Amino acid sequence: MQKFAFRFLLVSVMLTAMFSSGVSGCDHCVANQKAAQQASEGRMRHVGGGMGSGRYEGVGFSTVSADDAVRKCCYWGQRSPVGIGVSRGNNGWYATVLYR
């Protein structure tokens, strides 16, 4: 039940950030691409390039779950997310969160 509640909260935060600020879904695309690149390399790092409408970037990793990887991202709970991306690698989950 706790996983369901967190996923519901995560989706709510993403949708609120996306629609209340007029942010396009492209921020999620950028975050997903960055997470996928980390997963393909097998290491957590800040991937260079654009950040959509975000000004800050947080990265996280977990062997437990995608939700745990997102919660471990820099600035999680401190800044407003505009894009969230998670990708599964050989050794765990990689996450990138773009913030306002």
# chains A, B, ... in the order shown; residues from 1 in each chain; ligands from 1
>>> residues_around(residues="segment 50-63 of chain A", least_positions_apart="2", cutoff="7 Å", atoms="only C-alpha atoms", output="PyMOL selection string")
chain A and resi 26-27+30+44-46+48+65+68-70+72-75+82+91-100
>>> write_last_selection(atoms="N, CA and C atoms", output="PDB file, in the first residue's frame")
ATOM      1  N   CYS A  26       8.032  17.719 -22.719  1.00  0.00           N
ATOM      2  CA  CYS A  26       9.401  17.582 -23.184  1.00  0.00           C
ATOM      3  C   CYS A  26      10.387  17.514 -22.014  1.00  0.00           C
ATOM      4  N   ASP A  27      10.086  18.145 -20.907  1.00  0.00           N
ATOM      5  CA  ASP A  27      10.971  18.085 -19.741  1.00  0.00           C
ATOM      6  C   ASP A  27      11.103  16.649 -19.255  1.00  0.00           C
ATOM      7  N   VAL A  30      13.443  14.845 -21.722  1.00  0.00           N
ATOM      8  CA  VAL A  30      14.852  15.144 -21.458  1.00  0.00           C
ATOM      9  C   VAL A  30      15.333  14.349 -20.248  1.00  0.00           C
ATOM     10  N   MET A  44      26.002   6.365 -12.260  1.00  0.00           N
ATOM     11  CA  MET A  44      25.198   7.550 -11.957  1.00  0.00           C
ATOM     12  C   MET A  44      26.081   8.779 -12.127  1.00  0.00           C
ATOM     13  N   ARG A  45      25.587   9.731 -12.912  1.00  0.00           N
ATOM     14  CA  ARG A  45      26.334  10.974 -13.134  1.00  0.00           C
ATOM     15  C   ARG A  45      25.406  12.026 -13.720  1.00  0.00           C
ATOM     16  N   HIS A  46      25.870  13.262 -13.681  1.00  0.00           N
ATOM     17  CA  HIS A  46      25.138  14.336 -14.344  1.00  0.00           C
ATOM     18  C   HIS A  46      25.504  14.292 -15.819  1.00  0.00           C
ATOM     19  N   GLY A  48      25.572  15.880 -19.432  1.00  0.00           N
ATOM     20  CA  GLY A  48      25.585  17.234 -19.988  1.00  0.00           C
ATOM     21  C   GLY A  48      24.447  17.465 -20.973  1.00  0.00           C
ATOM     22  N   SER A  65      14.203   0.081  -6.065  1.00  0.00           N
ATOM     23  CA  SER A  65      13.063   0.389  -6.939  1.00  0.00           C
ATOM     24  C   SER A  65      13.277   1.717  -7.653  1.00  0.00           C
ATOM     25  N   ASP A  68      12.529   4.575  -5.226  1.00  0.00           N
ATOM     26  CA  ASP A  68      13.641   4.841  -4.321  1.00  0.00           C
ATOM     27  C   ASP A  68      14.724   5.655  -5.020  1.00  0.00           C
ATOM     28  N   ALA A  69      14.974   5.369  -6.297  1.00  0.00           N
ATOM     29  CA  ALA A  69      15.970   6.132  -7.059  1.00  0.00           C
ATOM     30  C   ALA A  69      15.563   7.594  -7.162  1.00  0.00           C
ATOM     31  N   VAL A  70      14.278   7.846  -7.398  1.00  0.00           N
ATOM     32  CA  VAL A  70      13.786   9.226  -7.502  1.00  0.00           C
ATOM     33  C   VAL A  70      13.939   9.936  -6.155  1.00  0.00           C
ATOM     34  N   LYS A  72      16.073   9.490  -3.952  1.00  0.00           N
ATOM     35  CA  LYS A  72      17.486   9.716  -3.637  1.00  0.00           C
ATOM     36  C   LYS A  72      18.124  10.810  -4.490  1.00  0.00           C
ATOM     37  N   CYS A  73      17.374  11.379  -5.406  1.00  0.00           N
ATOM     38  CA  CYS A  73      17.912  12.441  -6.263  1.00  0.00           C
ATOM     39  C   CYS A  73      18.210  13.700  -5.451  1.00  0.00           C
ATOM     40  N   CYS A  74      19.258  14.396  -5.860  1.00  0.00           N
ATOM     41  CA  CYS A  74      19.602  15.678  -5.249  1.00  0.00           C
ATOM     42  C   CYS A  74      18.389  16.602  -5.302  1.00  0.00           C
ATOM     43  N   TYR A  75      18.188  17.389  -4.288  1.00  0.00           N
ATOM     44  CA  TYR A  75      17.123  18.401  -4.184  1.00  0.00           C
ATOM     45  C   TYR A  75      15.713  17.833  -4.033  1.00  0.00           C
ATOM     46  N   VAL A  82      10.086  19.569 -12.562  1.00  0.00           N
ATOM     47  CA  VAL A  82       9.390  19.841 -13.823  1.00  0.00           C
ATOM     48  C   VAL A  82       9.522  18.664 -14.782  1.00  0.00           C
ATOM     49  N   ASN A  91      22.386  -3.026 -13.202  1.00  0.00           N
ATOM     50  CA  ASN A  91      22.631  -3.135 -11.770  1.00  0.00           C
ATOM     51  C   ASN A  91      21.643  -2.363 -10.898  1.00  0.00           C
ATOM     52  N   GLY A  92      20.617  -1.744 -11.473  1.00  0.00           N
ATOM     53  CA  GLY A  92      19.630  -1.017 -10.666  1.00  0.00           C
ATOM     54  C   GLY A  92      18.902   0.042 -11.475  1.00  0.00           C
ATOM     55  N   TRP A  93      18.242   0.915 -10.736  1.00  0.00           N
ATOM     56  CA  TRP A  93      17.445   1.990 -11.335  1.00  0.00           C
ATOM     57  C   TRP A  93      18.210   3.302 -11.288  1.00  0.00           C
ATOM     58  N   TYR A  94      18.164   4.046 -12.390  1.00  0.00           N
ATOM     59  CA  TYR A  94      18.802   5.353 -12.499  1.00  0.00           C
ATOM     60  C   TYR A  94      17.717   6.402 -12.700  1.00  0.00           C
ATOM     61  N   ALA A  95      17.816   7.500 -11.971  1.00  0.00           N
ATOM     62  CA  ALA A  95      16.800   8.552 -12.070  1.00  0.00           C
ATOM     63  C   ALA A  95      17.442   9.913 -12.313  1.00  0.00           C
ATOM     64  N   THR A  96      16.736  10.733 -13.050  1.00  0.00           N
ATOM     65  CA  THR A  96      17.098  12.133 -13.251  1.00  0.00           C
ATOM     66  C   THR A  96      15.839  12.962 -13.014  1.00  0.00           C
ATOM     67  N   VAL A  97      15.986  13.998 -12.198  1.00  0.00           N
ATOM     68  CA  VAL A  97      14.863  14.917 -11.934  1.00  0.00           C
ATOM     69  C   VAL A  97      15.341  16.322 -12.289  1.00  0.00           C
ATOM     70  N   LEU A  98      14.554  16.994 -13.107  1.00  0.00           N
ATOM     71  CA  LEU A  98      14.819  18.386 -13.457  1.00  0.00           C
ATOM     72  C   LEU A  98      13.912  19.265 -12.614  1.00  0.00           C
ATOM     73  N   TYR A  99      14.476  20.318 -12.049  1.00  0.00           N
ATOM     74  CA  TYR A  99      13.731  21.197 -11.143  1.00  0.00           C
ATOM     75  C   TYR A  99      13.665  22.613 -11.680  1.00  0.00           C
ATOM     76  N   ARG A 100      12.653  23.317 -11.226  1.00  0.00           N
ATOM     77  CA  ARG A 100      12.502  24.738 -11.527  1.00  0.00           C
ATOM     78  C   ARG A 100      13.643  25.513 -10.959  1.00  0.00           C
TER      79      ARG A 100
END
>>> closest_residue(among="A:Arg71, A:His28, A:Arg88, A:Arg79", to="Ser40 of chain A", atoms="only C-alpha atoms")
A:Arg88
>>> select_by_dssp(residues="segment 12-95 of chain A", states="strand (DSSP E)", output="MDAnalysis selection string")
chainID A and resid 56:62 81:88 93:95
>>> atom_distance(atom1="atom CA of Trp76 of chain A", atom2="atom CA of Val64 of chain A")
17.4 Å
